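This is entry.pdb. It holds PDB, C-alpha atoms.
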ATOM      1  CA  MET A   1      16.729  32.950 -44.520
ATOM      2  CA  ASN A   2      15.755  33.922 -40.993
ATOM      3  CA  LYS A   3      12.987  31.295 -41.043
ATOM      4  CA  ILE A   4      15.404  28.571 -42.100
ATOM      5  CA  PHE A   5      17.872  29.604 -39.401
ATOM      6  CA  LEU A   6      15.098  29.621 -36.809
ATOM      7  CA  ILE A   7      13.918  26.139 -37.831
ATOM      8  CA  LEU A   8      17.494  24.812 -37.645
ATOM      9  CA  LEU A   9      17.981  26.398 -34.226
ATOM     10  CA  ILE A  10      14.759  24.885 -32.874
ATOM     11  CA  SER A  11      15.730  21.452 -34.260
ATOM     12  CA  ILE A  12      19.131  21.639 -32.548
ATOM     13  CA  LEU A  13      17.550  22.673 -29.249
ATOM     14  CA  ILE A  14      14.978  19.863 -29.408
ATOM     15  CA  SER A  15      17.624  17.241 -30.204
ATOM     16  CA  SER A  16      19.831  18.480 -27.362
ATOM     17  CA  CYS A  17      16.916  18.164 -24.942
ATOM     18  CA  ARG A  18      16.389  14.496 -25.674
ATOM     19  CA  HIS A  19      17.375  12.224 -22.817
ATOM     20  CA  LYS A  20      19.911   9.488 -23.341
ATOM     21  CA  SER A  21      19.102   6.226 -21.575
ATOM     22  CA  ILE A  22      21.783   4.177 -19.808
ATOM     23  CA  GLU A  23      21.103   0.744 -18.324
ATOM     24  CA  THR A  24      22.797   0.506 -14.910
ATOM     25  CA  ALA A  25      21.623  -2.967 -13.842
ATOM     26  CA  ARG A  26      19.982  -6.020 -15.355
ATOM     27  CA  TYR A  27      18.102  -8.718 -13.417
ATOM     28  CA  GLU A  28      17.272 -11.902 -15.292
ATOM     29  CA  LEU A  29      15.174 -14.694 -13.795
ATOM     30  CA  SER A  30      17.088 -17.944 -13.345
ATOM     31  CA  GLU A  31      15.845 -21.325 -14.520
ATOM     32  CA  LYS A  32      15.201 -22.243 -10.883
ATOM     33  CA  GLU A  33      13.048 -19.154 -10.435
ATOM     34  CA  LEU A  34      11.104 -19.915 -13.599
ATOM     35  CA  SER A  35      10.493 -23.442 -12.304
ATOM     36  CA  LEU A  36       8.511 -21.939  -9.405
ATOM     37  CA  LEU A  37       5.741 -21.400 -11.969
ATOM     38  CA  PRO A  38       5.200 -24.951 -13.266
ATOM     39  CA  TYR A  39       2.553 -23.991 -15.816
ATOM     40  CA  GLN A  40       2.518 -23.018 -19.463
ATOM     41  CA  TYR A  41      -0.015 -21.572 -21.845
ATOM     42  CA  GLY A  42      -2.919 -23.915 -22.567
ATOM     43  CA  ASP A  43      -2.420 -26.177 -19.535
ATOM     44  CA  SER A  44      -5.571 -27.468 -17.824
ATOM     45  CA  ILE A  45      -5.191 -28.235 -14.121
ATOM     46  CA  ASN A  46      -7.900 -30.329 -12.528
ATOM     47  CA  PHE A  47      -9.125 -29.283  -9.067
ATOM     48  CA  ILE A  48     -11.828 -30.720  -6.863
ATOM     49  CA  HIS A  49     -14.007 -28.997  -4.280
ATOM     50  CA  SER A  50     -14.429 -30.598  -0.858
ATOM     51  CA  ASN A  51     -18.050 -31.381  -1.802
ATOM     52  CA  GLY A  52     -16.821 -33.493  -4.736
ATOM     53  CA  TYR A  53     -17.308 -31.030  -7.633
ATOM     54  CA  SER A  54     -14.461 -31.261 -10.163
ATOM     55  CA  PHE A  55     -13.370 -28.367 -12.386
ATOM     56  CA  TYR A  56     -10.381 -27.054 -14.336
ATOM     57  CA  PHE A  57      -8.090 -24.060 -14.173
ATOM     58  CA  VAL A  58      -6.882 -23.157 -17.674
ATOM     59  CA  VAL A  59      -3.702 -21.152 -18.284
ATOM     60  CA  THR A  60      -4.912 -18.308 -20.516
ATOM     61  CA  GLU A  61      -1.792 -16.116 -20.353
ATOM     62  CA  ASP A  62       1.904 -16.970 -20.127
ATOM     63  CA  ILE A  63       4.207 -13.972 -20.502
ATOM     64  CA  LEU A  64       7.962 -13.555 -20.001
ATOM     65  CA  GLU A  65       9.042  -9.956 -20.537
ATOM     66  CA  TRP A  66      11.611  -7.293 -19.709
ATOM     67  CA  LYS A  67      10.582  -4.121 -17.885
ATOM     68  CA  LYS A  68      12.419  -0.925 -16.983
ATOM     69  CA  GLU A  69      12.587   0.950 -13.688
ATOM     70  CA  TYR A  70      13.948   4.476 -14.147
ATOM     71  CA  GLU A  71      16.132   5.729 -11.308
ATOM     72  CA  PHE A  72      16.344   9.380 -12.296
ATOM     73  CA  CYS A  73      16.760  11.636 -15.294
ATOM     74  CA  GLU A  74      19.146  14.545 -15.316
ATOM     75  CA  TRP A  75      17.757  17.817 -16.624
ATOM     76  CA  PHE A  76      18.352  17.756 -20.391
ATOM     77  CA  GLY A  77      20.741  14.884 -19.738
ATOM     78  CA  THR A  78      20.932  11.182 -19.088
ATOM     79  CA  CYS A  79      18.250   8.799 -17.832
ATOM     80  CA  ARG A  80      19.478   5.839 -15.811
ATOM     81  CA  TYR A  81      17.363   2.713 -15.485
ATOM     82  CA  SER A  82      17.396  -0.905 -14.336
ATOM     83  CA  SER A  83      16.039  -3.747 -16.455
ATOM     84  CA  TYR A  84      14.305  -6.664 -14.831
ATOM     85  CA  GLN A  85      12.594  -9.759 -16.121
ATOM     86  CA  VAL A  86       9.057 -10.663 -15.105
ATOM     87  CA  LYS A  87       7.208 -13.939 -15.605
ATOM     88  CA  SER A  88       3.433 -13.777 -15.284
ATOM     89  CA  LEU A  89       0.630 -16.295 -15.685
ATOM     90  CA  VAL A  90      -3.150 -16.148 -15.589
ATOM     91  CA  LEU A  91      -5.201 -19.202 -14.590
ATOM     92  CA  LYS A  92      -8.982 -19.107 -14.960
ATOM     93  CA  SER A  93     -11.901 -21.381 -14.159
ATOM     94  CA  ASN A  94     -15.436 -20.801 -15.422
ATOM     95  CA  TYR A  95     -17.221 -22.355 -12.453
ATOM     96  CA  PRO A  96     -16.510 -21.613  -9.746
ATOM     97  CA  ARG A  97     -15.501 -18.307 -11.317
ATOM     98  CA  MET A  98     -11.911 -17.877 -10.187
ATOM     99  CA  ASN A  99      -8.980 -15.907 -11.575
ATOM    100  CA  LEU A 100      -5.380 -16.475 -10.457
ATOM    101  CA  ASP A 101      -2.638 -14.012 -11.448
ATOM    102  CA  ILE A 102       0.801 -15.442 -10.645
ATOM    103  CA  SER A 103       4.084 -13.600 -11.135
ATOM    104  CA  ILE A 104       7.750 -13.434 -10.176
ATOM    105  CA  GLY A 105      10.383 -10.790 -10.879
ATOM    106  CA  GLY A 106      11.169  -7.414  -9.393
ATOM    107  CA  THR A 107      12.918  -4.085  -9.639
ATOM    108  CA  ASP A 108      16.337  -3.065  -8.341
ATOM    109  CA  GLU A 109      14.749  -1.727  -5.154
ATOM    110  CA  TYR A 110      12.801  -4.868  -4.365
ATOM    111  CA  TYR A 111      14.873  -7.556  -6.049
ATOM    112  CA  LEU A 112      16.539  -8.704  -2.828
ATOM    113  CA  LEU A 113      13.048  -9.575  -1.629
ATOM    114  CA  GLN A 114      12.375 -12.063  -4.418
ATOM    115  CA  THR A 115       8.761 -13.109  -4.185
ATOM    116  CA  LEU A 116       6.268 -15.430  -5.786
ATOM    117  CA  ASN A 117       3.096 -13.312  -6.002
ATOM    118  CA  ILE A 118      -0.396 -14.743  -6.372
ATOM    119  CA  ASP A 119      -3.542 -12.636  -6.763
ATOM    120  CA  LEU A 120      -6.928 -14.315  -6.471
ATOM    121  CA  ASN A 121      -9.978 -12.708  -8.101
ATOM    122  CA  TYR A 122      -8.231  -9.300  -7.916
ATOM    123  CA  ASP A 123      -9.322  -8.911  -4.271
ATOM    124  CA  TYR A 124      -6.958 -11.300  -2.479
ATOM    125  CA  ASN A 125      -3.196 -11.676  -2.471
ATOM    126  CA  ILE A 126      -0.519 -13.958  -1.082
ATOM    127  CA  GLN A 127       3.270 -13.712  -1.327
ATOM    128  CA  PHE A 128       5.894 -16.407  -0.873
ATOM    129  CA  PRO A 129       9.348 -14.754  -0.462
ATOM    130  CA  TYR A 130      12.352 -16.860  -1.470
ATOM    131  CA  ASP A 131      16.113 -16.561  -1.164
ATOM    132  CA  SER A 132      18.861 -16.551  -3.793
ATOM    133  CA  LEU A 133      18.702 -20.368  -3.977
ATOM    134  CA  THR A 134      14.924 -20.201  -4.613
ATOM    135  CA  ASN A 135      14.172 -21.702  -1.200
ATOM    136  CA  PHE A 136      11.009 -20.231   0.267
ATOM    137  CA  ILE A 137      11.713 -18.290   3.459
ATOM    138  CA  CYS A 138       9.827 -19.651   6.445
ATOM    139  CA  ASP A 139       9.884 -17.433   9.527
ATOM    140  CA  SER A 140       7.662 -15.127  11.558
ATOM    141  CA  SER A 141       8.183 -12.217   9.171
ATOM    142  CA  THR A 142       7.000 -14.113   6.076
ATOM    143  CA  ALA A 143       4.341 -16.211   7.899
ATOM    144  CA  THR A 144       5.190 -19.051   5.512
ATOM    145  CA  ILE A 145       5.021 -22.559   7.008
ATOM    146  CA  TYR A 146       6.924 -25.573   5.688
ATOM    147  CA  TYR A 147       5.628 -29.157   5.837
ATOM    148  CA  ASP A 148       7.883 -32.095   5.056
ATOM    149  CA  SER A 149       4.707 -34.025   4.243
ATOM    150  CA  LEU A 150       1.047 -33.088   4.439
ATOM    151  CA  LEU A 151      -2.195 -35.000   3.836
ATOM    152  CA  LEU A 152      -4.563 -32.968   1.673
ATOM    153  CA  ASN A 153      -7.857 -34.416   0.428
ATOM    154  CA  ASN A 154      -6.710 -37.941   1.381
ATOM    155  CA  LYS A 155      -3.476 -37.669  -0.601
ATOM    156  CA  MET A 156       0.043 -37.192   0.765
ATOM    157  CA  TYR A 157       2.109 -34.288  -0.585
ATOM    158  CA  HIS A 158       5.760 -33.544   0.194
ATOM    159  CA  ASN A 159       7.739 -30.311   0.578
ATOM    160  CA  VAL A 160       4.615 -28.206   1.006
ATOM    161  CA  TYR A 161       4.485 -24.502   1.895
ATOM    162  CA  SER A 162       1.472 -22.614   3.171
ATOM    163  CA  GLY A 163       0.653 -18.965   3.749
ATOM    164  CA  ASN A 164      -2.270 -16.797   4.719
ATOM    165  CA  ILE A 165      -4.180 -14.993   1.996
ATOM    166  CA  ASP A 166      -4.577 -11.233   2.510
ATOM    167  CA  ARG A 167      -7.575  -9.174   1.495
ATOM    168  CA  GLN A 168      -6.979  -6.178  -0.744
ATOM    169  CA  ARG A 169      -9.964  -4.413   0.772
ATOM    170  CA  PHE A 170     -11.594  -4.568   4.190
ATOM    171  CA  ILE A 171     -14.782  -6.647   4.516
ATOM    172  CA  ASN A 172     -16.781  -5.902   7.652
ATOM    173  CA  ASP A 173     -18.923  -9.036   7.471
ATOM    174  CA  SER A 174     -17.701 -12.270   9.034
ATOM    175  CA  SER A 175     -20.447 -14.261   7.297
ATOM    176  CA  ILE A 176     -18.851 -13.745   3.864
ATOM    177  CA  ILE A 177     -16.819 -16.768   2.804
ATOM    178  CA  VAL A 178     -13.318 -15.722   1.717
ATOM    179  CA  PRO A 179     -10.058 -17.474   0.713
ATOM    180  CA  GLN A 180      -7.952 -17.995   3.823
ATOM    181  CA  THR A 181      -4.920 -20.238   3.230
ATOM    182  CA  MET A 182      -3.000 -21.444   0.188
ATOM    183  CA  PHE A 183      -0.744 -24.507  -0.078
ATOM    184  CA  ILE A 184       1.921 -24.878  -2.777
ATOM    185  CA  ASN A 185       4.712 -27.269  -3.757
ATOM    186  CA  ASN A 186       6.523 -28.283  -6.948
ATOM    187  CA  PHE A 187       3.127 -28.921  -8.592
ATOM    188  CA  GLY A 188       2.288 -25.250  -8.054
ATOM    189  CA  ILE A 189      -0.889 -24.473  -6.145
ATOM    190  CA  ILE A 190      -2.201 -27.650  -4.539
ATOM    191  CA  GLN A 191      -4.961 -26.317  -2.287
ATOM    192  CA  ILE A 192      -6.960 -23.184  -1.498
ATOM    193  CA  LYS A 193      -8.721 -23.283   1.851
ATOM    194  CA  MET A 194     -11.727 -21.045   2.505
ATOM    195  CA  SER A 195     -12.781 -19.363   5.763
ATOM    196  CA  ASN A 196     -15.595 -21.928   6.230
ATOM    197  CA  ASN A 197     -13.062 -24.802   5.849
ATOM    198  CA  GLU A 198     -14.221 -25.701   2.331
ATOM    199  CA  THR A 199     -11.279 -26.525   0.082
ATOM    200  CA  TYR A 200     -10.257 -26.546  -3.568
ATOM    201  CA  THR A 201      -7.542 -29.185  -4.037
ATOM    202  CA  ILE A 202      -5.528 -30.270  -7.059
ATOM    203  CA  ASN A 203      -6.903 -33.541  -8.402
ATOM    204  CA  ASN A 204      -3.939 -35.359  -9.922
TER
END
Serialized structure, structure tokens:
Amino acid sequence: MNKIFLILLISILISSCRHKSIETARYELSEKELSLLPYQYGDSINFIHSNGYSFYFVVTEDILEWKKEYEFCEWFGTCRYSSYQVKSLVLKSNYPRMNLDISIGGTDEYYLLQTLNIDLNYDYNIQFPYDSLTNFICDSSTATIYYDSLLLNNKMYHNVYSGNIDRQRFINDSSIIVPQTMFINNFGIIQIKMSNNETYTINN
């Protein structure tokens, strides 16, 4: 009898210690935000190097998911969290070997700084912040530049934005060729410029 009572008591204590989760905010990506990533799974995007070599980026991942950001959990009480939607894509090319991870979406803390994030080969990153109307923010703080029209690889593109690519780790060798600038528009990424002025440009 004592054993049964003890088991029941432990069960009650365990169940009372379980946290209850309450969603306090929910951030869903708008259709305009989703349109900032104009790719879908299986797409092949033709690019050409400045030396004339043509290759393809293939979209190997296309994920739209909900994530949770927990604010705090009371002791033996309630957990409060925010839900936010994230869209992520992976574009890969076999040669040159390049990997592009592109994503949008953020947590409650960072959601006011909506950003299009692009990681290149896991070592380089660029961010294009945008406002509530999905207009990219161009000022000294974002270092994003807007071009009404721009000639790239002998073709005119309109409503182009550019930004500098940051290195994730320090490289103390100026002879190493690294990605330097990226240009985007409604086609997505239209050019990647390297530190030696070589370019990879969309070939459409």
Checklist outcome for this item: For A:Tyr200, the closest of A:Ile165, A:Leu64, A:Ile137, A:Met98 counting all atoms listed in the file is A:Met98
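Counting from atom CA of A:Ser93, the distance to atom CA of A:Leu151 is 24.6 Å.
The interatomic distance for the pair atom CA of A:Tyr130 and atom CA of A:Tyr157 works out to 20.2 Å.
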Item to check | Cut-off 10 Å around (-2.0, -20.3, -14.4) with only C-alpha atoms: residues as a VMD selection string | outcome: chain A and resid 37 to 45 57 to 62 88 to 93 99 to 103 118 188 to 189
Just write the chosen residues, C-alpha atoms, as a short mmCIF file (atom, residue, chain, number, x, y, z; two decimals), in the frame of the given file.
data_model
loop_
_atom_site.label_atom_id
_atom_site.label_comp_id
_atom_site.auth_asym_id
_atom_site.auth_seq_id
_atom_site.Cartn_x
_atom_site.Cartn_y
_atom_site.Cartn_z
CA LEU A 37 5.74 -21.40 -11.97
CA PRO A 38 5.20 -24.95 -13.27
CA TYR A 39 2.55 -23.99 -15.82
CA GLN A 40 2.52 -23.02 -19.46
CA TYR A 41 -0.02 -21.57 -21.84
CA GLY A 42 -2.92 -23.92 -22.57
CA ASP A 43 -2.42 -26.18 -19.54
CA SER A 44 -5.57 -27.47 -17.82
CA ILE A 45 -5.19 -28.24 -14.12
CA PHE A 57 -8.09 -24.06 -14.17
CA VAL A 58 -6.88 -23.16 -17.67
CA VAL A 59 -3.70 -21.15 -18.28
CA THR A 60 -4.91 -18.31 -20.52
CA GLU A 61 -1.79 -16.12 -20.35
CA ASP A 62 1.90 -16.97 -20.13
CA SER A 88 3.43 -13.78 -15.28
CA LEU A 89 0.63 -16.30 -15.68
CA VAL A 90 -3.15 -16.15 -15.59
CA LEU A 91 -5.20 -19.20 -14.59
CA LYS A 92 -8.98 -19.11 -14.96
CA SER A 93 -11.90 -21.38 -14.16
CA ASN A 99 -8.98 -15.91 -11.58
CA LEU A 100 -5.38 -16.48 -10.46
CA ASP A 101 -2.64 -14.01 -11.45
CA ILE A 102 0.80 -15.44 -10.64
CA SER A 103 4.08 -13.60 -11.14
CA ILE A 118 -0.40 -14.74 -6.37
CA GLY A 188 2.29 -25.25 -8.05
CA ILE A 189 -0.89 -24.47 -6.14
#
Next on the checklist: At a cut-off of 12 Å, using only C-alpha atoms, what residues contact A:Cys138? Leave out same-chain residues fewer than 3 positions from it and give the result as an NGL selection string.
Outcome noted: :A and (127-131 or 135 or 141-147 or 160-163)
Next on the checklist: Please enumerate the residues selected by the PyMOL selection byres ((chain A and resi 26) around 6) when evaluated against the supplied file, formatted as a list in words.
Outcome noted: Ala25, Tyr27, Ser82, Ser83 and Tyr84 of chain A
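Interatomic distance, atom CA of A:Glu71 against atom CA of A:Lys20: 13.2 Å.
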Produce the centre coordinates and the three edge lengths, each in Å to one decimal, of the box along x, y and z that contains all listed atoms of stretch 118-125 of chain A with 6 Å added on each side, as lines of an AutoDock Vina configuration file.
center_x = -5.2
center_y = -11.8
center_z = -5.3
size_x = 21.6
size_y = 17.8
size_z = 17.6
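Of the listed residues (A:Ile126, A:Ile22, A:Leu34, A:Leu150), A:Ile126 comes nearest to A:Met182; the distances count all atoms listed in the file.
Closest approach to A:Thr201 among A:Lys32, A:Glu23, A:Leu133, A:Ser50: A:Ser50, based on only C-alpha atoms.
If you measure from each of A:Ser54, A:Ser21, A:Ser35, A:Ser132 to A:Thr78 using only C-alpha atoms, the closest one turns out to be A:Ser21.
The point (-15.4, -27.0, -12.6) has these residues within 8 Å of it when all atoms listed in the file are used: Phe47, Ile48, Tyr53, Ser54, Phe55, Tyr56, Ser93, Asn94, Tyr95 and Pro96 of chain A.
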Written selection (C-alpha atoms) as a CSV table (one decimal), in the coordinates of the input:
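Printed below is again.csv as written:
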chain,number,residue,atom,x,y,z
A,47,PHE,CA,-9.1,-29.3,-9.1
A,48,ILE,CA,-11.8,-30.7,-6.9
A,53,TYR,CA,-17.3,-31.0,-7.6
A,54,SER,CA,-14.5,-31.3,-10.2
A,55,PHE,CA,-13.4,-28.4,-12.4
A,56,TYR,CA,-10.4,-27.1,-14.3
A,93,SER,CA,-11.9,-21.4,-14.2
A,94,ASN,CA,-15.4,-20.8,-15.4
A,95,TYR,CA,-17.2,-22.4,-12.5
A,96,PRO,CA,-16.5,-21.6,-9.7
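The nearest approach to A:Thr199 among the residues A:Asn46, A:Ser140, A:Asp166, A:Leu152, with all atoms listed in the file taken into account, belongs to A:Leu152.
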Checklist entry - If the PyMOL selection byres ((chain A and resi 148) around 6) is run on the structure shown, which residues does it catch, given as a PyMOL selection string? => result chain A and resi 147+149+158-159
Next on the checklist: Residues within 12 Å of A:Pro179, please, as number ranges by chain. Count all atoms listed in the file; anything in the same chain fewer than 2 positions from it doesn't count.
Outcome noted: A: 98, 119-121, 123-126, 163-168, 176-177, 181-183, 191-200
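Comparing the minimum interatomic distances between A:Ile104 and each of A:Cys79, A:Ile63, A:Ile190, A:Met156, counting only C-alpha atoms, we find that A:Ile63 sits nearest.
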Regenerate stretch 56-67 of chain A at the level of all heavy atoms and dump it as a tab-separated table (two decimals), in the frame of the given file.
chain	number	residue	atom	x	y	z
A	56	TYR	N	-11.72	-27.28	-13.80
A	56	TYR	CA	-10.38	-27.05	-14.34
A	56	TYR	C	-9.99	-25.58	-14.29
A	56	TYR	O	-10.82	-24.70	-14.56
A	56	TYR	CB	-10.30	-27.52	-15.80
A	56	TYR	CG	-10.26	-29.02	-15.95
A	56	TYR	CD1	-11.45	-29.75	-16.02
A	56	TYR	CD2	-9.05	-29.70	-16.01
A	56	TYR	CE1	-11.42	-31.13	-16.17
A	56	TYR	CE2	-9.01	-31.08	-16.16
A	56	TYR	CZ	-10.20	-31.79	-16.22
A	56	TYR	OH	-10.18	-33.15	-16.36
A	57	PHE	N	-8.73	-25.35	-13.93
A	57	PHE	CA	-8.09	-24.06	-14.17
A	57	PHE	C	-7.37	-24.17	-15.52
A	57	PHE	O	-6.65	-25.15	-15.76
A	57	PHE	CB	-7.06	-23.73	-13.10
A	57	PHE	CG	-7.62	-23.15	-11.85
A	57	PHE	CD1	-7.68	-23.90	-10.68
A	57	PHE	CD2	-8.09	-21.84	-11.81
A	57	PHE	CE1	-8.19	-23.36	-9.51
A	57	PHE	CE2	-8.60	-21.29	-10.65
A	57	PHE	CZ	-8.66	-22.05	-9.49
A	58	VAL	N	-7.56	-23.17	-16.38
A	58	VAL	CA	-6.88	-23.16	-17.67
A	58	VAL	C	-5.92	-21.97	-17.71
A	58	VAL	O	-6.28	-20.86	-17.32
A	58	VAL	CB	-7.90	-23.05	-18.83
A	58	VAL	CG1	-7.17	-22.97	-20.17
A	58	VAL	CG2	-8.84	-24.23	-18.81
A	59	VAL	N	-4.70	-22.22	-18.17
A	59	VAL	CA	-3.70	-21.15	-18.28
A	59	VAL	C	-4.00	-20.35	-19.55
A	59	VAL	O	-3.79	-20.84	-20.66
A	59	VAL	CB	-2.27	-21.72	-18.32
A	59	VAL	CG1	-1.25	-20.58	-18.41
A	59	VAL	CG2	-1.99	-22.57	-17.09
A	60	THR	N	-4.51	-19.14	-19.38
A	60	THR	CA	-4.91	-18.31	-20.52
A	60	THR	C	-3.85	-17.28	-20.92
A	60	THR	O	-3.93	-16.72	-22.00
A	60	THR	CB	-6.23	-17.58	-20.20
A	60	THR	OG1	-6.04	-16.74	-19.04
A	60	THR	CG2	-7.35	-18.58	-19.92
A	61	GLU	N	-2.89	-17.03	-20.03
A	61	GLU	CA	-1.79	-16.12	-20.35
A	61	GLU	C	-0.49	-16.66	-19.78
A	61	GLU	O	-0.48	-17.19	-18.67
A	61	GLU	CB	-2.05	-14.71	-19.78
A	61	GLU	CG	-3.18	-13.96	-20.44
A	61	GLU	CD	-3.31	-12.54	-19.92
A	61	GLU	OE1	-2.30	-11.98	-19.45
A	61	GLU	OE2	-4.43	-12.00	-19.98
A	62	ASP	N	0.58	-16.52	-20.54
A	62	ASP	CA	1.90	-16.97	-20.13
A	62	ASP	C	2.91	-16.01	-20.76
A	62	ASP	O	3.22	-16.11	-21.94
A	62	ASP	CB	2.12	-18.41	-20.60
A	62	ASP	CG	3.47	-18.97	-20.19
A	62	ASP	OD1	4.29	-18.23	-19.61
A	62	ASP	OD2	3.72	-20.17	-20.45
A	63	ILE	N	3.39	-15.06	-19.97
A	63	ILE	CA	4.21	-13.97	-20.50
A	63	ILE	C	5.54	-13.89	-19.76
A	63	ILE	O	5.59	-13.89	-18.53
A	63	ILE	CB	3.48	-12.62	-20.38
A	63	ILE	CG1	2.15	-12.66	-21.15
A	63	ILE	CG2	4.35	-11.48	-20.89
A	63	ILE	CD1	1.27	-11.45	-20.90
A	64	LEU	N	6.62	-13.81	-20.53
A	64	LEU	CA	7.96	-13.56	-20.00
A	64	LEU	C	8.46	-12.30	-20.69
A	64	LEU	O	8.62	-12.27	-21.91
A	64	LEU	CB	8.89	-14.74	-20.28
A	64	LEU	CG	10.33	-14.61	-19.77
A	64	LEU	CD1	10.36	-14.50	-18.25
A	64	LEU	CD2	11.17	-15.79	-20.23
A	65	GLU	N	8.70	-11.23	-19.92
A	65	GLU	CA	9.04	-9.96	-20.54
A	65	GLU	C	10.06	-9.19	-19.70
A	65	GLU	O	10.26	-9.46	-18.53
A	65	GLU	CB	7.77	-9.10	-20.72
A	65	GLU	CG	7.07	-8.79	-19.41
A	65	GLU	CD	5.78	-8.02	-19.61
A	65	GLU	OE1	5.65	-7.33	-20.64
A	65	GLU	OE2	4.89	-8.10	-18.74
A	66	TRP	N	10.68	-8.20	-20.38
A	66	TRP	CA	11.61	-7.29	-19.71
A	66	TRP	C	10.90	-5.97	-19.43
A	66	TRP	O	10.16	-5.46	-20.27
A	66	TRP	CB	12.84	-7.04	-20.58
A	66	TRP	CG	13.80	-8.19	-20.60
A	66	TRP	CD1	13.86	-9.19	-21.52
A	66	TRP	CD2	14.82	-8.45	-19.64
A	66	TRP	NE1	14.86	-10.08	-21.19
A	66	TRP	CE2	15.48	-9.64	-20.04
A	66	TRP	CE3	15.24	-7.80	-18.49
A	66	TRP	CZ2	16.53	-10.19	-19.33
A	66	TRP	CZ3	16.30	-8.35	-17.77
A	66	TRP	CH2	16.94	-9.53	-18.19
A	67	LYS	N	11.13	-5.42	-18.24
A	67	LYS	CA	10.58	-4.12	-17.89
A	67	LYS	C	11.71	-3.21	-17.42
A	67	LYS	O	12.80	-3.67	-17.08
A	67	LYS	CB	9.52	-4.26	-16.79
A	67	LYS	CG	8.28	-5.02	-17.24
A	67	LYS	CD	7.19	-4.98	-16.17
A	67	LYS	CE	5.93	-5.65	-16.68
A	67	LYS	NZ	4.83	-5.58	-15.67
